[in-house]
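**Student:** This is the structure I have questions about; it appears just below.
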Amino acid sequence: MESFNILLLTVAVTVQVTSHDSTGEPPVQISKPKVTLNPSHAVLYSTETVTLHCEVPEALSGLQYDWYKNSADLSEHQPSITARGSGKYECKAKKGTSESEISASYTLTLQDPPKAKLTVDPKWTEFFPSENIELKCEIEGGSSGWTFEWIKDTWTSEGDSVRAITVKHPDSGKYSCRGKLKNRQVTTQQSNAFQLNVKDLPEPKIQSDWTEAFPGEKVYLECVIQGVSENWNYMWFKDSRRIVSSDETNINTLTLSVKSSHHGAYECQGELQGRKVSTARSTQHLLTVHELPQLKLSIESQWNMFYPTEKVTLKCSIDEESNKWGYEWFKNGGLLKKDKDISFSGNTLSISSAKAGHSGQYTCRGKHLTRTLVTTRETEAVQLRIQDIKPKPTITKHKWFELFYTEERVQLHCNMPGVGWEYHWYKGSTLRITHPELTIDAVSLSDSGNYHCKAQRGDFSVDSETLQVRVQKPPQPHIQSDWTEAFPGEKVSLQCVIRDVSENWNYTWFKDSSKIDSRAETNIKGNNLTLSVKSSHHGAYECQAELQERNVSTVRSKQHLLTVHGSQPTILLQQDPSHAEIYTGEQVKLTCSIQEKTSKWQYFWQIDSQQVNTVNNPIYTIQNATLSQKGNYTCQVRRGEMTYANSTILTIREPPQPHIQSDWTEAFPGEKVSLQCVIRDVSKNWNYTWFKDSSKIDSRAETNIQGNNLTLSVKSSHHGAYECQAELQERNVSTVRSKQHFLTVHGSQPTILLQQDPSHAEIYTGEQVKLTCSIQEKTSKWQYFWQIDSQQVSTVNNPIYTTQNATLSQKGNYTCQIRRGEMTYAKSTILSIREPPQPHIQSDWTEAFPGEKVSLQCVIRDVSENWNYTWFKDSSKIDSRAETNIQGNNLTLSVKSSHHGAYECQAESQERNVSTVRSKQHFLTVHGSQPTILLQQDPSHAEIYTGEQVKLTCSIQEKTSKWQYFWQIDSQQVSTVNNPIYTIQNATLSQKGNYTCQVRRGEMTYAKSTILTIREPPKANMSIESQWNMFYPTEKVTLKCSVDEESNKWGYEWFKNGGSLKDDKDISVSRNTLSISSAKVGHSGQYTCRGKHLARTLVTTTRETEAVQLRIQDIKPKPNITKHVWFELFYAEEKVQLKCNMTGVGWEYHWYKGSTLRITHPELTIDAVSLSDRGNYHCKAKRGDFSVDSETLQVRVQKPPQPHIQSDWTEAFPGEKVSLQCVIRDVSENWNYTWFKDSSKIDSRAETNIQGNNLTLSVKSSHHGAYECQAELQERNVSTVRSKQHFLTVHGSQPTILLQQDPSHPEMYNGEQVNLTCSIQEKTSKWQYFWQRDSQQVNTVNNPIYTIQNATFSQKGNYTCQVRRGEMTYAKSTILTIREPPQPHIQSDWTEAFHGEKVSLQCVIQDVSENWNYTWFKDSSKIISRAETNIKGNNLTLSVKSSHHGAYECQAELQERNVSTVRSTQHLLTVHEPPKPNLSIESQWNMFYPTEKVTLKCSVDEESNKWGYEWFKNGGSLKKVEDISFSGNTLSISSAKAGHSGQYTCRGKHLTRTLVTTRETEAVQLRIKDITPKPIIKKHEWFELFYTEERVKFDCNMSGVGWEYHWHKAAKPLIKNSEFTIDAVSLTDTGDYHCKAQRGDFSVDSETLQVRVQARPPAFLSLKTELIDIMTGDVTLRCNISDGRQWNYTWFMNGQQLNGSSDVLKVTGNEETIKSEFKCKGINTERPLYSALSDGFVANNIIFKRKILLAISGCLVCCIFILIIGCIILKITHKPEVKETPEDLFFSMTDSKNQIISPMKEYMDNRQTELEESQGKAELISDCASAVHEDSVIKESQEKAELISDCASAVHEDSVIKESQEKAELISDCASAVHEDSVIKEEDTSATVANGLTSFKGL
């Protein structure tokens, strides 16, 4: 199969090929091609590439070519080929089967390249450096079209056909060349080679023994070229100049007949004959020609006038080696001989002691020691003068003071006639300095003393008079101030004080060493610095004083450190002791301090916002703490106008009550019993004391006390009641004793206990019950057996018998038998089993309002068990929560509308798995939301003024009834009457406060409060609306009467001198302002005012204001001008200081120059006066519209004069004396002169002696330079500008003739000095100098210097100097051009600029084309060109900074000349610093929440109306959008969104100068949250239900800063604080609470939190009276709390806790107890931990009344007994005939109405001796009614009267009673009935009681 496929493929390919061949392209016609050449040059060379092209006329594609040379096929098939040598070339073209004819033959001829030839000129074999050689390259056939390549050794370069070489050593080598056709690759063959050899020239040398000679001698010099045989020509040179051949020169020898001009350096040079080749010059041969020396005679001193005895030395000096010369001396032309005073030594003549006879003219001459015929000429004569008297030096004092301060300059000048003096200054006998001036630049205390100067020259000296210098230290200022620290906003005053000094001082203040400028917040007046404190004011302050008119400054004062604290003081409020709770009775101190070191604060204390202590005491002490003193204590600190506060909560509580924990209540002797004294919920350390039966227990072996544990090794004596008491360690706090813990110590035998568990009296069917048999005492090894109804049921030894599921059949008598050994004991119990009971609901509530408390009780009758109750509403179970509180069997509803419905209950036995069936339904109807309380004030003013009447009306909007109304002021009950209206007839300040109306129904209390504000009518204040109260005629006066509240509610009454103000045309009244338009003397007086309410006409301000005294003067004074350091004529740059003063205060001072205002200030100070400041000045004192002008004062100003240097010296040689004089023309003042060389100051010394205005130089080479001088006016700080420079050239040692113009500028300016100096540079002599100008002789004097002192136009021209010596004459000319110097001026439109702007100033010199250098000055200081002060040409470009503020001048200096123009006039430039903008968020926070308003403020510290603002966000420009608006410098975001977050910046942009912008502020990050969180309320010790007096505490917190927290109860605002605490909660505090977090206009409410409050269970105290009490006089009290729980009780007598915890208190009757008040309260271990305190009970004299009643009863019994006996006796002894009516002891009710005094009273009156115990009170016998009245138990007087009446009737119906025993019982019952009644509390009226008992009241 595969072979078949291959076969098919082969066939297909074959067919395809065959098909292609058979169907090929048709034949084409191809024209005859042509052979062309490229390139087509006339001559072609064999070395270049030639291309042949076969060209076909038609443009056919796909052609192939065949090439032939000399008919031979070349096998080339391309259209172009490269030729292969000379020959005939042909080609043809073909395509397919078609082909062209063969082209015509093209004969190609190629030639060999031509040869090159090198020729050399000249054809020497060796060349010397600097010789010229020419190489020429020639090509056979001509060089046209050829370029040339030169080959040197291996190096090739292109060039021309000819190459010229000036030979140098590197040119040595083999040279050849070749040609190259331009633009063709054709080169010739390389030429022949030429070897170039370069040889060094020989060096000539001068040979001669002559190195020095004198004029006239013959000197020979020979020039030798060694080792060279060529012929040479010789040239000679002297001082580099060719010597012309003469008789003095000969071939290689130079012969000199010596002259002075032959002095110099000689060289020779050889020149090769026939070649222009010269050797180098030889080395120099120096020939010194010694001129016969010129002697100089000098006095060896700077002076030529001497004083007697002074030593004189003359020196004859020669300018060469002195040891070769001797000297001859002459005086007045004659040879001088030696005498006793005159001696010779070498070149010196000495006069040891000068006399007048030694005066005369002295000369000398030199004589050569070895060449004896050589002598010099005599010197010029020196005149010697000897005076015949001695003067004394004089001392000149500069700026002298009788007393100098240290650091001041003391300058004394010593002067002696003549020159050459050396001055020595002595202090006492101590040499201080050797100088004409004694200058102590900074005098010190050690410089005090007597000074004199000694003038000395040589050994001669003279002393001056003595001068005393007194020195003391400048007084040291110190800063007086009580302020060492402050807070921002306070005013701090510092005073710089200099004690005991009367001079006038100017004061300067420094902070942290930097000078303080006076401005608003740092106000400097005189020596006072007042700070409006900012945080930047923190630092160290110093002051320094400068003595006016003297350059004396004190040292700076000691630093006064001012600490600027944070924004406000950190108030530390500390409690001592710092316990979280203080116990009653303890002492506690609250200390208020400020954390920062600070002082001068006043302290004020508040408790719960009430002021408690106004004494300035930082410590508030509570000596004996009580509960009433707990609360929020606030300390207020005040200083000046600033007040700050801090608060703390002081918690005070009763000491806790300990209790004893122990399982031991009984024990056997010998056992270990442990008792623990426990104080719950208290972590403090306590010391514990134990008591048994009220006696303290000491720790010993059997009663071991450790910590709070008592361990007993039991004895029978340990039986008893145990108590413990704790005392707080380190605190004097003791608890009350614990409740008693009884420990029973048994006898010897155990007691069997049979217990049922549960111990219910009845067990319900289905329950489990256990019977436990135990032994009461702690014992063991007992066996247990059980019986039911005497039948054995269990034989297992188990003390527990369990019934799992009780049935009725299992009830019966259960017996437990216990056995041990042979002893058997038994105990039985009855087990009762019954079915569970059915509950029912008890409640009076069938309807209620939401919020009321509704109580439903689930009652199970006749069952004593404890049950758990379940409640159902509309058959749904109710869970116990805040609004449906289930406690016990009670369901308490905090009623809501959802509580409407049917209620059921079901009970489940506690700890028993027993449930009852549900009760019957109980329906409750719930009304609308709640009653609406309306509380209205009449009148409804926000504030009531004292004396006004106000009514508060409380009402309930809904129709309802049975409400009671109660009123409170600030939580204090003020009215118990059930009255809805509370009236205040005449309001006082004590009646202001928070008024609360409480409405009660049942347990529900609703309340509403209002704040009643009562205040005194405002106090009026009167003030003069100016800082002064003394006025001048016509001045305007304004008085203002102000009331500290809204002014539009008050009118005003005005009074003068106690009376009502009368009409006056100059006086007008407008509301609270009284204006006097033009004051007069008659307007003087005392003014008062008072306010009167416009709407409440009876209300006026409290009193008239305090009187204001107004004084009007009768004349106008003028301001006084005080001049400081005054001169009739000021120089520019001096300080002018004038002060204006006007009597009185409040003046503003305006200084005028002419009519132009210069400054508004008391002082006019021109720190640097200028010519423009000349003129007439006056000051204007102004206050308000009133002003007064001073007298006029003239200020005269001129520029300081300009000095110039006068001297003929412009050059000198070392050793010469040069004198320069500094001259100030036309000025008579005394000046001090300072000299400068090359701008450096020159000090006076031996070689640079300065005396007065003269500078004398003993010239040295270092004196070469430019000299200037400057003058300073003595005693004034005035300096001239420096003089023009004076140049002094100090030459070298040898002379060279020079013709110089000095200065050498092409043009000289008028006024310049120019010297034309024809000088010999070296030191030489005997030259004569002649000068010509324009060929005219101008000076025939032999003077080498022609000087033009002050150039003028007439002095310009062609100047020629001719110098002659012997027969030689030389001349040199120069053109001197003279013109005026131009004057520059500054051109600029800029007079003020901002920091950052570009300011250009141009210094213009008009009509001058020279090149000038420009110098710029600012405030007279030179400006250096740099980046910000760029100087280019005559332009000064400022990149403006604040330092550029000032006066600018320019000066031009001609380049390369010492010609300067004067400075231009000043151009003032004021630089404003672009203010620094500040960007701030107008809040304390930078994180905001959605919809919150955000305000950004961009502030600029200058006039804001000149600036606009640009805003940026995240680096980009910010545009106005919907929520963003711009207003002035404020950006407001009306409703913040998250998208507004970002970094904001701003910058100021000048409104008129648009290119001026400030820098951008630092970025402020603005953060906008996505969501708004709610404030979070944190609860402390939270309960669903609070009991009254418990503490409720919330914290409100909101993320972020700047929040203000407002607490609300429902919609009622409470307090503004993050923490809300109710220290003792009350029922009125029940409600819904929430807090509102607020900052600015933005606020967020928290979730609502409900507080439910329930009253503590009440404790009821009752009197329990028994017959035994009546007999013993004791009182038994019972305390009861009826809430169904087990309570312990605490008893109090007169507030002191008593021992015991029983519900019954037995009080022994005695004097103390009958007067004491008793109260009780319940104590529990579960909340509530204690009940409410019961009402108090006071026994008063009830015990005495009982005794009296008992006595009465006894008397009655005795009377009845006597009556019976009497009746019996009467009956026995009765005689019928005698009918006498016996007098009854008792009277009837009818008789009682007619009798005043009863027999009983008479009887009692006779028993005074039995009543002494009453201590003189109302008589001992009191009637029955009185006894009842005093008892606090009976409620209704009617019952009292009936009871007493029954008692009396029982007594008096004696006919019924026959036995005394029955009477006694009846009386006893009567007394008991009276005293056991607990209803009566008070009795308004006394009942009239039968049998005369009422009369007992009077006893």
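By convention here, the chains of the structure tokens are called A, B, ... in the order presented, each chain's residues are numbered starting at 1, and ligands are numbered starting at 1 in the order presented.
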With only C-alpha atoms as the counted atoms, please give the residues lying no more than 7 Å from Lys1706 (chain A), apart from itself and same-chain residues fewer than 6 positions off, as a list in words.
**Tutor:** Val1675, Thr1676 and Leu1677 of chain A
**Student:** Could the residues in this selection be written to a file with N, CA, C and O atoms, as a PDB file, in the first residue's frame?
**Tutor:**
```
ATOM      1  N   VAL A1675     -39.189  49.576 129.343  1.00  0.00           N
ATOM      2  CA  VAL A1675     -39.911  49.760 128.091  1.00  0.00           C
ATOM      3  C   VAL A1675     -39.453  48.664 127.139  1.00  0.00           C
ATOM      4  O   VAL A1675     -38.254  48.425 126.989  1.00  0.00           O
ATOM      5  N   THR A1676     -40.385  48.008 126.492  1.00  0.00           N
ATOM      6  CA  THR A1676     -40.064  46.982 125.509  1.00  0.00           C
ATOM      7  C   THR A1676     -40.490  47.482 124.138  1.00  0.00           C
ATOM      8  O   THR A1676     -41.649  47.823 123.926  1.00  0.00           O
ATOM      9  N   LEU A1677     -39.498  47.534 123.184  1.00  0.00           N
ATOM     10  CA  LEU A1677     -39.752  48.012 121.828  1.00  0.00           C
ATOM     11  C   LEU A1677     -39.577  46.844 120.869  1.00  0.00           C
ATOM     12  O   LEU A1677     -38.696  45.984 121.050  1.00  0.00           O
TER      13      LEU A1677
END
```
**Student:** Could you tell me how far CA of Asp1629 (chain A) lies from CA of Ala1655 (chain A), in Å and to one decimal?
**Tutor:**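 Here the two named atoms are 11.3 Å from each other.
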**Student:** When DSSP works through the backbone of this structure, what residues of region 1409-1610 of chain A end up as strand (DSSP E or B), shown as an MDAnalysis selection string?
**Tutor:** chainID A and resid 1412:1418 1421:1422 1429:1432 1435:1439 1446:1454 1460 1467:1472 1478:1481 1487:1488 1494:1499 1507:1513 1516:1517 1524:1527 1530:1533 1542:1550 1557 1564:1568 1576:1580 1586:1587 1592:1597 1604:1609
**Student:** Show me, as an NGL selection string, the residues that have an atom within 12 Å of region 1061-1076 of chain A when counting only C-alpha atoms, minus same-chain residues fewer than 5 positions from it.
**Tutor:** :A and (1020-1025 or 1031 or 1033-1043 or 1046-1056 or 1081-1092 or 1094 or 1110 or 1112)
**Student:** Go through A:Arg1015, A:Arg1639, A:Arg1685, A:His1580 one by one, measure the shortest atom-to-atom distance of each to Lys992 (chain A) using only C-alpha atoms, and give the residue with the smallest value.
**Tutor:**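 Comparing A:Arg1015, A:Arg1639, A:Arg1685, A:His1580 against Lys992 (chain A), the winner is A:Arg1015.
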**Student:** If you count only C-alpha atoms, which residues fall within 9 Å of Pro577 (chain A), apart from same-chain ones fewer than 4 positions away, as a VMD selection string?
**Tutor:** chain A and resid 582 587 to 590
**Student:** Within 9 Å of region 541-548 of chain A, counting only C-alpha atoms, which residues qualify if same-chain residues fewer than 4 places away don't, as a VMD selection string?
**Tutor:** chain A and resid 476 to 479 495 to 496 498 503 to 513 527 552 to 562 1124 to 1125
**Student:** Per DSSP on the backbone, filter region 958-1179 of chain A down to the residues in helix (DSSP H, G or I) and report them as a list in words.
**Tutor:**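 Here is the list: Leu989, Ser990, Gln991, Ser1047, Asn1048, Lys1049, Val1081, Gly1082, His1083, Leu1171, Ser1172 and Asp1173 of chain A.
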**Student:** Keeping only all heavy atoms, write those residues as a CSV table (one decimal), in the first residue's frame.
**Tutor:**
```
chain,number,residue,atom,x,y,z
A,989,LEU,N,-33.6,86.2,97.6
A,989,LEU,CA,-32.6,85.4,97.0
A,989,LEU,C,-32.6,84.0,97.5
A,989,LEU,O,-32.3,83.0,96.8
A,989,LEU,CB,-31.2,86.0,97.1
A,989,LEU,CG,-31.0,87.3,96.4
A,989,LEU,CD1,-29.6,87.9,96.7
A,989,LEU,CD2,-31.1,87.1,94.9
A,990,SER,N,-32.9,83.8,98.8
A,990,SER,CA,-32.9,82.4,99.4
A,990,SER,C,-34.0,81.5,98.8
A,990,SER,O,-33.9,80.3,99.0
A,990,SER,CB,-33.0,82.5,100.9
A,990,SER,OG,-34.3,83.1,101.2
A,991,GLN,N,-35.0,82.1,98.1
A,991,GLN,CA,-36.0,81.3,97.6
A,991,GLN,C,-35.8,80.9,96.1
A,991,GLN,O,-36.7,80.2,95.6
A,991,GLN,CB,-37.4,82.1,97.7
A,991,GLN,CG,-37.8,82.3,99.2
A,991,GLN,CD,-39.0,83.3,99.3
A,991,GLN,OE1,-39.0,84.4,98.7
A,991,GLN,NE2,-40.0,82.8,100.0
A,1047,SER,N,-29.4,95.7,77.7
A,1047,SER,CA,-29.5,97.1,77.9
A,1047,SER,C,-30.8,97.7,77.3
A,1047,SER,O,-31.3,98.7,77.8
A,1047,SER,CB,-28.3,97.9,77.2
A,1047,SER,OG,-28.3,97.6,75.8
A,1048,ASN,N,-31.5,97.0,76.4
A,1048,ASN,CA,-32.7,97.5,75.8
A,1048,ASN,C,-33.9,97.4,76.7
A,1048,ASN,O,-35.0,97.8,76.4
A,1048,ASN,CB,-33.0,96.8,74.4
A,1048,ASN,CG,-33.1,95.3,74.6
A,1048,ASN,OD1,-32.9,94.8,75.7
A,1048,ASN,ND2,-33.4,94.6,73.5
A,1049,LYS,N,-33.7,96.8,77.9
A,1049,LYS,CA,-34.8,96.7,78.8
A,1049,LYS,C,-34.7,97.7,79.9
A,1049,LYS,O,-35.6,97.8,80.8
A,1049,LYS,CB,-34.8,95.3,79.5
A,1049,LYS,CG,-35.1,94.1,78.5
A,1049,LYS,CD,-35.1,92.8,79.3
A,1049,LYS,CE,-35.5,91.7,78.3
A,1049,LYS,NZ,-35.5,90.4,79.0
A,1081,VAL,N,-15.6,124.6,82.7
A,1081,VAL,CA,-15.2,124.4,84.1
A,1081,VAL,C,-16.5,124.1,84.9
A,1081,VAL,O,-16.4,123.3,85.8
A,1081,VAL,CB,-14.5,125.7,84.6
A,1081,VAL,CG1,-14.2,125.6,86.1
A,1081,VAL,CG2,-13.2,126.0,83.9
A,1082,GLY,N,-17.6,124.7,84.5
A,1082,GLY,CA,-18.8,124.5,85.3
A,1082,GLY,C,-19.3,123.1,85.2
A,1082,GLY,O,-20.2,122.7,85.9
A,1083,HIS,N,-18.8,122.3,84.2
A,1083,HIS,CA,-19.3,120.9,84.1
A,1083,HIS,C,-18.6,120.0,85.1
A,1083,HIS,O,-18.9,118.8,85.2
A,1083,HIS,CB,-19.0,120.4,82.7
A,1083,HIS,CG,-19.9,121.0,81.7
A,1083,HIS,ND1,-19.4,121.4,80.4
A,1083,HIS,CD2,-21.2,121.4,81.7
A,1083,HIS,CE1,-20.4,121.9,79.7
A,1083,HIS,NE2,-21.5,121.9,80.5
A,1171,LEU,N,20.2,114.2,55.0
A,1171,LEU,CA,19.9,115.6,54.6
A,1171,LEU,C,18.4,115.9,54.4
A,1171,LEU,O,18.0,117.0,54.6
A,1171,LEU,CB,20.7,115.9,53.3
A,1171,LEU,CG,22.2,115.8,53.4
A,1171,LEU,CD1,22.8,116.0,52.0
A,1171,LEU,CD2,22.8,116.8,54.4
A,1172,SER,N,17.7,114.8,54.0
A,1172,SER,CA,16.3,115.0,53.8
A,1172,SER,C,15.5,115.2,55.1
A,1172,SER,O,14.3,115.6,55.1
A,1172,SER,CB,15.7,113.8,53.1
A,1172,SER,OG,15.9,112.6,53.9
A,1173,ASP,N,16.2,114.9,56.2
A,1173,ASP,CA,15.5,115.1,57.5
A,1173,ASP,C,15.7,116.5,58.1
A,1173,ASP,O,15.2,116.9,59.2
A,1173,ASP,CB,16.2,114.1,58.6
A,1173,ASP,CG,15.9,112.7,58.2
A,1173,ASP,OD1,14.8,112.4,57.8
A,1173,ASP,OD2,16.8,111.9,58.4
```
**Student:** For a test of reading the model, state the distance in Å between CA of Ala1637 (chain A) and CA of Asn1617 (chain A), rounded to one decimal.
**Tutor:**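 Interatomic distance, CA of Ala1637 (chain A) to CA of Asn1617 (chain A): 9.8 Å.
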**Student:** Need to verify the contact set: Glu1380 (chain A), 12 Å, only C-alpha atoms, exclusion of same-chain residues closer than 4 positions in sequence. Can you return it as a PDB file with N, CA, C and O atoms, in the first residue's frame?
**Tutor:**
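Output contents, as saved in around_8.pdb:
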```pdb
ATOM      1  N   GLU A1307      42.447 108.756  30.939  1.00  0.00           N
ATOM      2  CA  GLU A1307      41.773 110.015  31.262  1.00  0.00           C
ATOM      3  C   GLU A1307      41.819 110.226  32.753  1.00  0.00           C
ATOM      4  O   GLU A1307      41.601 109.304  33.532  1.00  0.00           O
ATOM      5  N   MET A1308      42.080 111.449  33.138  1.00  0.00           N
ATOM      6  CA  MET A1308      42.020 111.815  34.545  1.00  0.00           C
ATOM      7  C   MET A1308      40.804 112.701  34.747  1.00  0.00           C
ATOM      8  O   MET A1308      40.403 113.444  33.845  1.00  0.00           O
ATOM      9  N   TYR A1309      40.248 112.581  35.915  1.00  0.00           N
ATOM     10  CA  TYR A1309      39.061 113.379  36.204  1.00  0.00           C
ATOM     11  C   TYR A1309      39.438 114.604  37.016  1.00  0.00           C
ATOM     12  O   TYR A1309      40.386 114.584  37.814  1.00  0.00           O
ATOM     13  N   ASN A1310      38.659 115.689  36.756  1.00  0.00           N
ATOM     14  CA  ASN A1310      38.890 116.927  37.492  1.00  0.00           C
ATOM     15  C   ASN A1310      38.922 116.623  38.982  1.00  0.00           C
ATOM     16  O   ASN A1310      38.103 115.864  39.493  1.00  0.00           O
ATOM     17  N   GLY A1311      39.857 117.307  39.643  1.00  0.00           N
ATOM     18  CA  GLY A1311      39.953 117.121  41.079  1.00  0.00           C
ATOM     19  C   GLY A1311      40.915 116.026  41.467  1.00  0.00           C
ATOM     20  O   GLY A1311      41.319 115.942  42.630  1.00  0.00           O
ATOM     21  N   GLU A1312      41.253 115.153  40.530  1.00  0.00           N
ATOM     22  CA  GLU A1312      42.215 114.110  40.848  1.00  0.00           C
ATOM     23  C   GLU A1312      43.620 114.701  40.914  1.00  0.00           C
ATOM     24  O   GLU A1312      43.912 115.721  40.304  1.00  0.00           O
ATOM     25  N   ASN A1350      45.331 119.101  41.671  1.00  0.00           N
ATOM     26  CA  ASN A1350      43.876 119.078  41.480  1.00  0.00           C
ATOM     27  C   ASN A1350      43.640 119.307  39.995  1.00  0.00           C
ATOM     28  O   ASN A1350      43.611 120.443  39.518  1.00  0.00           O
ATOM     29  N   ALA A1351      43.507 118.248  39.278  1.00  0.00           N
ATOM     30  CA  ALA A1351      43.492 118.322  37.816  1.00  0.00           C
ATOM     31  C   ALA A1351      42.366 119.204  37.308  1.00  0.00           C
ATOM     32  O   ALA A1351      41.247 119.180  37.835  1.00  0.00           O
ATOM     33  N   THR A1352      42.699 120.017  36.264  1.00  0.00           N
ATOM     34  CA  THR A1352      41.698 120.841  35.573  1.00  0.00           C
ATOM     35  C   THR A1352      41.839 120.596  34.075  1.00  0.00           C
ATOM     36  O   THR A1352      42.823 120.004  33.603  1.00  0.00           O
ATOM     37  N   PHE A1353      40.838 121.095  33.336  1.00  0.00           N
ATOM     38  CA  PHE A1353      40.861 120.882  31.887  1.00  0.00           C
ATOM     39  C   PHE A1353      42.100 121.543  31.241  1.00  0.00           C
ATOM     40  O   PHE A1353      42.660 121.065  30.254  1.00  0.00           O
ATOM     41  N   ASP A1407      25.804 109.524  29.868  1.00  0.00           N
ATOM     42  CA  ASP A1407      26.741 110.136  28.911  1.00  0.00           C
ATOM     43  C   ASP A1407      28.185 109.734  29.149  1.00  0.00           C
ATOM     44  O   ASP A1407      29.116 110.504  28.925  1.00  0.00           O
ATOM     45  N   VAL A1408      28.415 108.558  29.675  1.00  0.00           N
ATOM     46  CA  VAL A1408      29.772 108.083  29.913  1.00  0.00           C
ATOM     47  C   VAL A1408      29.892 106.709  29.305  1.00  0.00           C
ATOM     48  O   VAL A1408      29.052 105.837  29.555  1.00  0.00           O
ATOM     49  N   VAL A1459      39.412 105.612  40.940  1.00  0.00           N
ATOM     50  CA  VAL A1459      38.517 106.755  40.764  1.00  0.00           C
ATOM     51  C   VAL A1459      37.109 106.260  41.072  1.00  0.00           C
ATOM     52  O   VAL A1459      36.608 105.338  40.429  1.00  0.00           O
ATOM     53  N   SER A1460      36.535 106.870  42.065  1.00  0.00           N
ATOM     54  CA  SER A1460      35.171 106.486  42.446  1.00  0.00           C
ATOM     55  C   SER A1460      34.286 107.707  42.404  1.00  0.00           C
ATOM     56  O   SER A1460      34.703 108.812  42.773  1.00  0.00           O
ATOM     57  N   THR A1461      33.081 107.477  41.972  1.00  0.00           N
ATOM     58  CA  THR A1461      32.100 108.555  42.056  1.00  0.00           C
ATOM     59  C   THR A1461      31.647 108.663  43.501  1.00  0.00           C
ATOM     60  O   THR A1461      31.903 107.789  44.328  1.00  0.00           O
TER      61      THR A1461
END
```
**Student:** Just the residues within 9 Å of Asn38 (chain A), please, counting only C-alpha atoms, with nothing from its chain fewer than 2 positions along; format it as a list in words.
**Tutor:**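 Those residues are Thr36, Ser40, His41, Val50, Thr51, Leu52 and His53 of chain A.
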